[in-house]
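Text of model-v9.txt, listed as compact mmCIF, C-alpha atoms:
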```txt
# COMPACT_ATOMS: atom_id res chain seq x y z
CA MET A 1 0.00 0.00 0.00
CA SER A 2 2.75 2.29 0.78
CA LEU A 3 4.50 1.26 -2.35
CA ILE A 4 1.49 2.10 -4.42
CA ASN A 5 1.21 5.46 -2.70
CA GLN A 6 4.83 6.16 -3.37
CA VAL A 7 4.41 5.35 -7.04
CA LEU A 8 1.38 7.59 -7.31
CA GLN A 9 3.23 10.42 -5.65
CA ASN A 10 6.09 10.06 -8.08
CA VAL A 11 3.70 10.14 -11.02
CA GLU A 12 1.95 13.23 -9.71
CA ALA A 13 5.29 14.86 -9.07
CA ARG A 14 6.37 14.13 -12.61
CA GLN A 15 3.14 15.53 -14.03
CA GLY A 16 3.48 18.66 -11.95
CA GLY A 17 7.00 19.18 -13.19
CA ALA A 18 5.88 18.69 -16.77
CA THR A 19 3.10 21.22 -16.30
CA LEU A 20 5.51 23.69 -14.79
CA ASP A 21 7.90 23.14 -17.66
CA ALA A 22 5.11 23.62 -20.15
CA SER A 23 3.91 26.84 -18.57
CA ALA A 24 7.45 28.11 -18.34
CA GLY A 25 8.01 27.25 -21.98
CA ASN A 26 4.82 29.06 -22.99
CA ALA A 27 5.93 32.07 -21.04
CA TRP A 28 9.31 32.13 -22.79
CA ALA A 29 7.64 31.54 -26.08
CA GLY A 30 5.43 34.54 -25.55
CA GLN A 31 8.44 36.73 -24.94
CA VAL A 32 10.34 35.68 -28.13
CA LYS A 33 9.49 37.94 -31.22
CA PRO A 34 9.56 36.67 -34.77
CA VAL A 35 12.33 38.99 -35.87
CA LEU A 36 13.29 37.17 -39.08
CA SER A 37 9.83 36.81 -40.50
CA HIS A 38 8.95 40.40 -39.62
CA SER A 39 12.14 41.82 -41.30
CA GLY A 40 11.56 39.90 -44.55
CA SER A 41 8.05 41.29 -45.05
CA VAL A 42 9.18 44.94 -44.61
CA ALA A 43 12.02 44.67 -47.26
CA THR A 44 9.66 43.14 -49.79
CA ALA A 45 7.21 45.98 -49.28
CA TRP A 46 9.89 48.63 -49.84
CA ILE A 47 11.19 46.99 -53.01
CA GLY A 48 7.70 46.92 -54.47
CA LYS A 49 7.19 50.60 -53.68
CA LEU A 50 10.54 51.48 -55.34
CA VAL A 51 9.65 49.60 -58.53
CA TRP A 52 6.28 51.29 -58.80
CA GLY A 53 7.89 54.69 -58.23
CA LEU A 54 10.41 54.11 -61.05
CA LEU A 55 7.65 53.02 -63.43
CA LEU A 56 5.71 56.16 -62.58
CA LEU A 57 8.73 58.38 -63.25
CA ALA A 58 9.35 56.67 -66.60
CA LEU A 59 5.72 57.21 -67.59
CA VAL A 60 5.89 60.89 -66.65
CA GLY A 61 9.16 61.35 -68.60
CA ALA A 62 7.70 59.70 -71.72
CA LEU A 63 4.69 62.00 -71.55
CA LEU A 64 6.87 65.08 -71.23
CA VAL A 65 9.04 64.07 -74.21
CA ASN A 66 6.14 63.19 -76.51
CA TRP A 67 3.81 65.92 -75.30
CA PRO A 68 4.11 68.23 -78.42
CA MET A 69 3.43 65.33 -80.76
CA LEU A 70 0.45 64.17 -78.71
CA VAL A 71 -0.97 67.69 -78.62
CA ALA A 72 -0.50 68.05 -82.39
CA ARG A 73 -2.35 64.79 -82.99
CA LEU A 74 -5.18 65.52 -80.60
CA ASP A 75 -5.67 69.18 -81.55
CA PRO A 76 -4.58 69.85 -85.21
CA LYS A 77 -4.40 73.54 -86.21
CA PRO A 78 -5.65 74.81 -89.59
CA VAL A 79 -2.95 75.54 -92.21
CA VAL A 80 -2.47 79.28 -92.85
CA GLU A 81 -1.44 80.08 -96.43
CA GLN A 82 1.46 82.50 -96.76
CA PRO A 83 0.89 85.40 -99.15
CA VAL A 84 2.80 85.07 -102.42
CA PRO A 85 4.91 88.18 -103.19
CA SER A 86 4.01 89.94 -106.34
CA ALA A 87 6.32 90.06 -109.35
CA VAL A 88 9.16 92.55 -109.21
CA ALA A 89 8.73 95.44 -111.52
CA ILE A 90 12.04 96.04 -113.28
CA PRO A 91 12.14 98.84 -115.79
CA VAL A 92 13.37 97.85 -119.25
CA VAL A 93 15.22 100.41 -121.29
CA PRO A 94 14.46 99.87 -124.97
CA ALA A 95 17.11 99.85 -127.67
CA ALA A 96 17.41 102.55 -130.25
CA GLY A 97 14.63 102.41 -132.78
CA ALA A 98 12.37 100.20 -130.66
CA GLU A 99 8.73 101.24 -130.25
CA ILE A 100 6.66 100.91 -127.09
CA SER A 101 2.92 101.06 -127.09
CA THR A 102 1.38 104.02 -125.33
CA ALA A 103 -0.87 101.76 -123.26
CA GLU A 104 2.13 99.90 -121.86
CA ALA A 105 4.01 103.14 -121.26
CA ALA A 106 1.08 104.74 -119.47
CA THR A 107 0.51 101.82 -117.07
CA PRO A 108 1.85 103.01 -113.71
CA ALA A 109 3.01 100.77 -110.89
CA THR A 110 0.13 100.16 -108.48
CA ALA A 111 0.30 99.92 -104.72
CA ASP A 112 -0.69 96.22 -104.82
CA SER A 113 2.64 95.30 -106.40
CA PRO A 114 5.34 97.44 -104.75
CA ALA A 115 8.78 97.49 -106.40
CA TRP A 116 11.26 95.21 -104.71
CA SER A 117 14.41 96.96 -103.46
CA HIS A 118 17.89 95.52 -102.96
CA PRO A 119 19.76 95.67 -99.67
CA GLN A 120 21.92 98.72 -99.21
CA PHE A 121 25.24 97.22 -100.38
CA THR A 122 23.75 95.30 -103.32
CA LYS A 123 21.62 98.28 -104.24
CA ALA A 124 24.68 100.44 -104.68
CA LEU A 125 26.70 97.73 -106.39
CA PHE A 126 24.09 96.81 -108.99
CA SER A 127 22.83 100.31 -109.57
CA ALA A 128 23.57 100.10 -113.28
CA TRP A 129 20.99 97.34 -113.66
CA GLN A 130 18.25 99.84 -112.96
CA ALA A 131 19.91 102.92 -114.41
CA PRO A 132 18.96 103.89 -117.97
CA VAL A 133 21.69 103.28 -120.55
CA LYS A 134 22.49 106.07 -122.96
CA ASP A 135 22.66 104.75 -126.47
CA ILE A 136 25.20 106.44 -128.73
CA ALA A 137 23.96 104.74 -131.90
CA GLN A 138 22.49 106.60 -134.80
CA PRO A 139 18.95 107.76 -134.00
CA SER A 140 16.22 105.95 -135.86
CA LEU A 141 13.87 107.71 -138.23
CA LYS A 142 10.91 106.68 -136.09
CA PRO A 143 10.62 108.52 -132.79
CA ALA A 144 11.26 106.20 -129.87
CA VAL A 145 8.85 106.33 -126.96
CA THR A 146 10.54 105.64 -123.64
CA LYS A 147 8.80 104.34 -120.57
CA PRO A 148 8.84 106.76 -117.65
CA VAL A 149 10.81 105.41 -114.75
CA SER A 150 10.01 106.51 -111.24
CA ALA A 151 12.75 107.90 -109.06
CA LYS A 152 12.10 105.27 -106.38
CA THR A 153 13.32 102.42 -108.57
CA ILE A 154 16.63 104.12 -109.51
CA PRO A 155 19.05 104.23 -106.57
CA PRO A 156 21.72 106.91 -106.65
CA GLN A 157 25.07 105.96 -108.12
CA VAL A 158 27.78 105.90 -105.47
CA GLU A 159 31.05 107.42 -106.63
CA GLY A 160 34.05 105.08 -106.60
CA GLU A 161 32.07 101.82 -106.80
CA PHE A 162 32.19 99.29 -109.57
CA THR A 163 29.22 98.92 -111.87
CA ILE A 164 28.08 95.92 -113.88
CA ASN A 165 26.35 96.46 -117.17
CA PRO A 166 23.10 94.53 -117.58
CA ALA A 167 23.30 91.40 -119.71
CA GLU A 168 19.82 91.67 -121.17
CA GLY A 169 17.56 94.45 -122.31
CA THR A 170 20.36 96.83 -123.32
CA ALA A 171 21.57 97.89 -126.72
CA ALA A 172 24.97 96.78 -128.04
CA ASN A 173 27.69 99.40 -127.90
CA PRO A 174 28.71 100.13 -131.50
CA VAL A 175 32.17 101.37 -130.47
CA VAL A 176 33.00 98.13 -128.62
CA THR A 177 31.54 96.09 -131.46
CA ALA A 178 33.67 97.90 -134.03
CA ILE A 179 36.81 97.37 -131.92
CA GLU A 180 36.08 93.67 -131.52
CA GLN A 181 35.47 93.30 -135.26
CA GLY A 182 38.73 95.12 -136.03
CA ASN A 183 40.68 92.86 -133.65
CA ALA A 184 39.11 89.77 -135.20
CA VAL A 185 40.09 90.93 -138.69
CA LYS A 186 43.65 91.68 -137.52
CA LEU A 187 44.03 88.25 -135.88
CA ALA A 188 42.69 86.53 -138.97
CA LYS A 189 45.11 88.47 -141.16
CA ASN A 190 48.10 87.65 -138.96
CA SER A 191 47.21 83.97 -138.82
CA GLU A 192 46.79 83.93 -142.59
CA GLU A 193 50.20 85.53 -143.06
CA GLU A 194 51.86 83.01 -140.73
CA SER A 195 50.16 79.85 -141.88
CA GLY A 196 49.23 80.69 -145.48
CA PRO A 197 45.70 80.67 -146.86
CA ARG A 198 42.85 79.65 -144.64
CA GLY A 199 42.64 75.90 -144.16
CA VAL A 200 46.25 75.30 -145.35
CA VAL A 201 49.09 74.77 -142.86
CA ASN A 202 52.34 76.37 -143.95
CA LYS A 203 55.12 73.86 -143.27
CA GLN A 204 57.88 75.79 -145.07
CA ILE A 205 60.95 76.68 -143.03
CA ARG A 206 63.37 79.53 -143.52
CA PRO A 207 66.71 78.91 -145.29
CA GLU A 208 68.78 79.50 -142.13
CA GLN A 209 66.70 76.94 -140.28
CA GLU A 210 67.21 74.43 -143.07
CA VAL A 211 70.97 75.08 -142.98
CA ASN A 212 71.09 74.42 -139.24
CA LEU A 213 69.35 71.10 -139.79
CA LEU A 214 71.82 70.20 -142.53
CA ILE A 215 74.78 71.10 -140.31
CA GLN A 216 73.45 68.83 -137.59
CA ARG A 217 73.02 66.00 -140.08
CA ALA A 218 76.58 66.51 -141.35
CA VAL A 219 78.00 66.37 -137.82
CA ASP A 220 76.08 63.16 -137.18
CA GLN A 221 77.44 61.62 -140.35
CA GLU A 222 81.03 62.64 -139.52
CA GLN A 223 80.75 61.16 -136.02
CA LYS A 224 79.61 57.90 -137.60
CA GLY A 225 82.70 57.88 -139.82
CA ARG A 226 80.89 58.91 -143.00
CA LEU A 227 82.98 61.94 -143.94
CA ASN A 228 82.06 61.91 -147.61
CA GLU A 229 78.32 62.01 -146.78
CA ALA A 230 79.00 64.91 -144.40
CA LEU A 231 80.82 66.83 -147.16
CA ILE A 232 77.93 66.31 -149.57
CA ILE A 233 75.45 67.62 -147.00
CA LEU A 234 77.58 70.70 -146.24
CA ARG A 235 77.99 71.52 -149.93
CA GLN A 236 74.21 71.36 -150.24
CA ALA A 237 73.90 73.68 -147.21
CA LEU A 238 76.17 76.29 -148.81
CA THR A 239 74.18 76.08 -152.01
CA THR A 240 70.95 76.66 -150.09
CA TYR A 241 72.27 79.41 -147.80
CA PRO A 242 75.73 80.67 -148.88
CA GLN A 243 75.94 83.33 -146.15
CA SER A 244 76.09 80.67 -143.43
CA GLU A 245 79.54 81.12 -141.83
CA ASP A 246 79.13 78.00 -139.67
CA ALA A 247 78.45 75.75 -142.64
CA ARG A 248 81.43 77.20 -144.57
CA GLN A 249 83.79 76.85 -141.61
CA LEU A 250 82.72 73.25 -140.99
CA LEU A 251 83.06 72.36 -144.66
CA ALA A 252 86.60 73.82 -144.79
CA THR A 253 87.56 71.95 -141.62
CA TYR A 254 86.34 68.62 -142.99
CA LEU A 255 88.09 69.32 -146.31
CA PHE A 256 91.40 70.00 -144.53
CA GLU A 257 91.00 66.79 -142.54
CA SER A 258 90.34 64.79 -145.71
CA LYS A 259 93.47 66.32 -147.37
CA GLN A 260 91.37 68.26 -149.87
CA GLU A 261 93.25 71.47 -149.14
CA PRO A 262 92.78 73.32 -152.46
CA GLU A 263 89.01 73.03 -152.24
CA ALA A 264 89.10 74.08 -148.59
CA VAL A 265 91.14 77.17 -149.40
CA ALA A 266 88.82 78.00 -152.29
CA VAL A 267 85.77 77.68 -150.03
CA LEU A 268 87.28 80.07 -147.46
CA GLN A 269 88.48 82.58 -150.06
CA ALA A 270 85.06 82.62 -151.74
CA GLY A 271 83.42 83.35 -148.40
CA ILE A 272 85.90 86.14 -147.60
CA LYS A 273 85.25 87.72 -150.99
CA GLN A 274 81.45 87.50 -150.76
CA PHE A 275 81.13 88.33 -147.04
CA PRO A 276 84.09 90.49 -145.86
CA GLY A 277 82.53 90.98 -142.45
CA GLN A 278 82.92 87.29 -141.55
CA ILE A 279 86.38 87.69 -139.98
CA GLY A 280 86.35 84.12 -138.71
CA LEU A 281 86.92 82.92 -142.26
CA SER A 282 90.04 85.12 -142.52
CA LYS A 283 91.41 83.73 -139.26
CA SER A 284 90.88 80.13 -140.34
CA LEU A 285 92.58 80.70 -143.69
CA ALA A 286 95.51 82.63 -142.11
CA LYS A 287 96.06 79.88 -139.55
CA TRP A 288 96.35 77.27 -142.26
CA GLN A 289 98.63 79.52 -144.36
CA LEU A 290 100.95 80.20 -141.41
CA SER A 291 101.19 76.51 -140.58
CA HIS A 292 102.20 75.86 -144.21
CA ALA A 293 104.92 78.57 -144.28
CA GLN A 294 103.02 81.09 -146.35
CA PRO A 295 103.69 84.39 -144.51
CA GLU A 296 102.94 86.57 -147.53
CA ALA A 297 99.55 84.88 -147.89
CA VAL A 298 98.91 85.47 -144.18
CA LEU A 299 99.57 89.18 -144.58
CA GLN A 300 97.38 89.29 -147.66
CA THR A 301 94.57 87.61 -145.74
CA LEU A 302 94.74 89.48 -142.43
CA LYS A 303 95.78 93.01 -143.38
CA PRO A 304 92.35 93.97 -144.85
CA VAL A 305 90.64 93.08 -141.55
CA ALA A 306 93.44 94.08 -139.16
CA ASN A 307 91.34 96.81 -137.54
CA LEU A 308 88.55 94.34 -136.85
CA LEU A 309 91.02 91.92 -135.24
CA ILE A 310 92.69 94.49 -132.96
CA GLN A 311 91.30 92.76 -129.86
CA ASP A 312 92.09 89.22 -131.00
CA ALA A 313 95.39 88.01 -129.51
CA GLU A 314 95.84 85.07 -131.88
CA SER A 315 95.33 87.21 -134.97
CA GLN A 316 97.84 89.79 -133.68
CA TRP A 317 100.38 87.04 -133.08
CA MET A 318 99.88 85.62 -136.60
CA LEU A 319 100.43 89.08 -138.11
CA ALA A 320 103.60 89.55 -136.03
CA MET A 321 104.95 86.14 -137.06
CA ALA A 322 104.14 86.84 -140.71
CA TYR A 323 106.07 90.14 -140.53
CA GLN A 324 108.94 88.41 -138.71
CA GLN A 325 109.16 85.59 -141.24
CA THR A 326 109.27 88.13 -144.08
CA GLY A 327 112.06 90.05 -142.32
CA GLN A 328 109.92 93.04 -141.34
CA HIS A 329 110.86 93.01 -137.63
CA ALA A 330 110.03 96.66 -136.99
CA ALA A 331 106.50 96.09 -138.32
CA ALA A 332 106.16 92.95 -136.21
CA LEU A 333 106.97 94.67 -132.86
CA PRO A 334 103.59 96.44 -132.25
CA HIS A 335 101.70 93.24 -133.08
CA PHE A 336 103.90 91.21 -130.70
CA ASP A 337 103.42 93.77 -127.97
CA ARG A 338 99.64 93.79 -128.50
CA ALA A 339 99.46 90.00 -128.47
CA ASN A 340 101.44 89.74 -125.20
CA VAL A 341 99.22 92.35 -123.58
CA LEU A 342 96.05 90.50 -124.60
CA ARG A 343 97.45 87.11 -123.57
CA PRO A 344 100.28 87.57 -121.02
CA GLY A 345 102.56 84.78 -119.85
CA HIS A 346 102.79 82.92 -123.16
CA ALA A 347 106.48 81.82 -123.28
CA GLN A 348 106.77 81.15 -127.02
CA TRP A 349 105.26 84.52 -127.89
CA ILE A 350 107.68 86.29 -125.53
CA VAL A 351 110.67 84.52 -127.06
CA ALA A 352 109.52 85.44 -130.57
CA TYR A 353 109.06 89.03 -129.41
CA ALA A 354 112.63 89.06 -128.03
CA ILE A 355 114.01 87.78 -131.35
CA SER A 356 112.34 90.63 -133.25
CA LEU A 357 113.54 93.15 -130.64
CA GLN A 358 117.15 91.94 -131.03
CA ALA A 359 116.83 91.99 -134.81
CA ALA A 360 115.39 95.51 -134.69
CA GLY A 361 118.43 96.74 -132.70
CA GLN A 362 116.95 96.73 -129.20
CA PRO A 363 119.15 94.26 -127.26
CA ALA A 364 118.30 95.55 -123.79
CA GLN A 365 114.59 95.06 -124.30
CA ALA A 366 115.29 91.69 -125.92
CA LEU A 367 117.35 90.57 -122.88
CA GLN A 368 114.57 91.66 -120.54
CA GLN A 369 111.98 89.66 -122.52
CA LEU A 370 114.27 86.60 -122.61
CA GLN A 371 114.86 86.67 -118.85
CA GLN A 372 111.09 86.98 -118.34
CA ALA A 373 110.50 83.96 -120.59
CA TYR A 374 113.28 82.00 -118.83
CA ASN A 375 111.30 82.19 -115.58
CA LEU A 376 108.27 80.58 -117.23
CA PRO A 377 107.69 76.82 -117.67
CA LEU A 378 109.66 75.87 -120.82
CA SER A 379 110.53 72.68 -122.56
CA ASP A 380 114.16 71.52 -122.38
CA ARG A 381 114.89 72.53 -125.95
CA LEU A 382 113.33 75.96 -125.59
CA SER A 383 115.01 76.49 -122.23
CA GLU A 384 118.41 75.77 -123.75
CA PHE A 385 117.70 78.16 -126.64
CA VAL A 386 116.64 80.97 -124.28
CA GLY A 387 119.77 80.44 -122.12
CA GLN A 388 122.04 80.74 -125.14
CA ARG A 389 120.30 83.93 -126.25
CA ILE A 390 120.67 85.43 -122.77
CA ARG A 391 124.41 84.66 -122.63
CA GLN A 392 124.79 85.98 -126.19
CA LEU A 393 123.32 89.34 -125.07
CA GLY A 394 125.66 89.46 -122.04
CA GLY A 395 123.18 88.30 -119.49
CA VAL A 396 123.30 85.55 -116.93
CA ALA A 397 120.90 82.64 -117.23
CA VAL A 398 119.82 82.23 -113.62
CA VAL A 399 118.09 79.10 -112.45
CA ARG A 400 114.37 79.33 -113.02
CA SER A 401 112.24 79.56 -109.88
CA GLU A 402 109.90 76.59 -109.52
```
Would you mind writing the file's structure down as structure tokens?
Amino acid sequence: MSLINQVLQNVEARQGGATLDASAGNAWAGQVKPVLSHSGSVATAWIGKLVWGLLLLALVGALLVNWPMLVARLDPKPVVEQPVPSAVAIPVVPAAGAEISTAEAATPATADSPAWSHPQFTKALFSAWQAPVKDIAQPSLKPAVTKPVSAKTIPPQVEGEFTINPAEGTAANPVVTAIEQGNAVKLAKNSEEESGPRGVVNKQIRPEQEVNLLIQRAVDQEQKGRLNEALIILRQALTTYPQSEDARQLLATYLFESKQEPEAVAVLQAGIKQFPGQIGLSKSLAKWQLSHAQPEAVLQTLKPVANLLIQDAESQWMLAMAYQQTGQHAAALPHFDRANVLRPGHAQWIVAYAISLQAAGQPAQALQQLQQAYNLPLSDRLSEFVGQRIRQLGGVAVVRSE
């Protein structure tokens, strides 16, 4: 019995403890707040509000951007026609002899169509377009009726500005037309003189031009070794244009080279006789004559043109040598002196000058010239000759300075 009572007491004690635990647990449960579940619901609500706010702002922005187009579609306005400006009334100045009907001349400009005016700068610049042009042509037999032009349509001409003549509605200036016609006739005449009759091209060349072409052909043939062909071409050139000094000189040169000396001399002498002013021909002939020991022929060739050759050193030296070789030393001295002045420092010319001075009885001057030549570059043979001449005249042949 006591055991049963003890067991019952234990059971009741256990139940009481469970009840106390349950009540305590309920109490604690009542104090705990659902923080997590409460926080999640608030964030979701805010996100939804933010999305709706952005959509609203986008809608408002779209309305503001497209507002003019929406208003134009919903409330179209009637189209207002712009008034068309009337035609500009530009006065036309008739040409001489032209007639204008009285009805057209008497029609004044009305207020409905006011005359259009240029801006200030253009108005002054193009003033001649509206200004009447004075015609200087012959007056017609019929009286010309001119249209009256109001003062409003003619702006004043500004002094110092350029004016442009109107392209239409004006009479042609007879003075300018006559000048243009005269120039056209002159150009046509010049072109006809240069190129022959109209429609025919004049391909003729002048004789001197043809001679130059022949000379070039002859030089080409000679360079190719065809001397005979070159001589034929040059003979043809002299036949075509005998006053060509170049062709005659070249022909004589080629003839001398081909040992046809008589013909060469004849060609030069014929040119000297026909054209005395071509002194180059005289020089060429005298050079050949002097090289072939013909001093009298040299004098005969050069004396007629001596005054023209006064400034030519080679011609003066040839004259001096010709006089020296003929024994006329006194006549040779001025030509030697002139040649040495024009071309100083020529050793052979100085030695020849000294020989004529010694032969003319002027040993002191001859010794001076020989000593001057001895100090110039000389060949061994000429140096020995000059030394002997110096010792013969009582001088001392000093060693030449290098």
Using all atoms listed in the file, which protein or nucleic acid residues come within 10 Å of Pro304 in chain A? Drop anything in the same chain fewer than 4 positions from it, and give the result as a PDB file with C-alpha atoms, keeping the file's coordinate frame.
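Listed below is the output, out19.pdb:
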```
ATOM      1  CA  PRO A 276      84.090  90.490-145.860  1.00  0.00           C
ATOM      2  CA  ILE A 279      86.380  87.690-139.980  1.00  0.00           C
ATOM      3  CA  SER A 282      90.040  85.120-142.520  1.00  0.00           C
ATOM      4  CA  LEU A 299      99.570  89.180-144.580  1.00  0.00           C
ATOM      5  CA  GLN A 300      97.380  89.290-147.660  1.00  0.00           C
ATOM      6  CA  LEU A 308      88.550  94.340-136.850  1.00  0.00           C
ATOM      7  CA  LEU A 309      91.020  91.920-135.240  1.00  0.00           C
TER       8      LEU A 309
END
```
- prompt: Ala237 in chain A: which residues within 12 Å, counting only C-alpha atoms, same-chain residues fewer than 2 positions away excluded, as a VMD selection string?
  reply: chain A and resid 207 to 218 230 to 235 239 to 251
- request: Kindly give the distance, in Å, that separates CA of Phe336 in chain A and CA of Ala320 in chain A, rounded to a single decimal.
  value: 5.6 Å
message: I'd like the contact shell of Ala313 in chain A - 12 Å cut-off, all atoms listed in the file, skipping same-chain residues fewer than 3 positions apart - returned as a list in words.
response: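 Once the adjacent positions are removed, what remains is Lys283, Ala306, Leu308, Leu309, Ile310, Gln316, Trp317, Met318, Leu319, Ala320, His335, Phe336, Asp337, Arg338, Ala339, Asn340, Val341, Leu342, Arg343, Pro344, His346 and Trp349 of chain A.
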So which residues touch range 384-387 of chain A within 7 Å, counting all atoms listed in the file, skipping near sequence neighbours fewer than 5 positions away, as an mmCIF file with C-alpha atoms, in the coordinates of the input?
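Dumped to around-v6.cif:
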```cif
data_model
loop_
_atom_site.group_PDB
_atom_site.id
_atom_site.type_symbol
_atom_site.label_atom_id
_atom_site.label_comp_id
_atom_site.auth_asym_id
_atom_site.auth_seq_id
_atom_site.Cartn_x
_atom_site.Cartn_y
_atom_site.Cartn_z
ATOM 1 C CA LEU A 370 114.270 86.600 -122.610
ATOM 2 C CA TYR A 374 113.280 82.000 -118.830
ATOM 3 C CA ALA A 397 120.900 82.640 -117.230
#
```
message: With distances taken over all atoms listed in the file, which residue among A:Gly280, A:Gln269, A:Val71, A:Leu64 lies nearest Asp312 in chain A?
response: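 Ranking A:Gly280, A:Gln269, A:Val71, A:Leu64 by distance to Asp312 in chain A, first place goes to A:Gly280.
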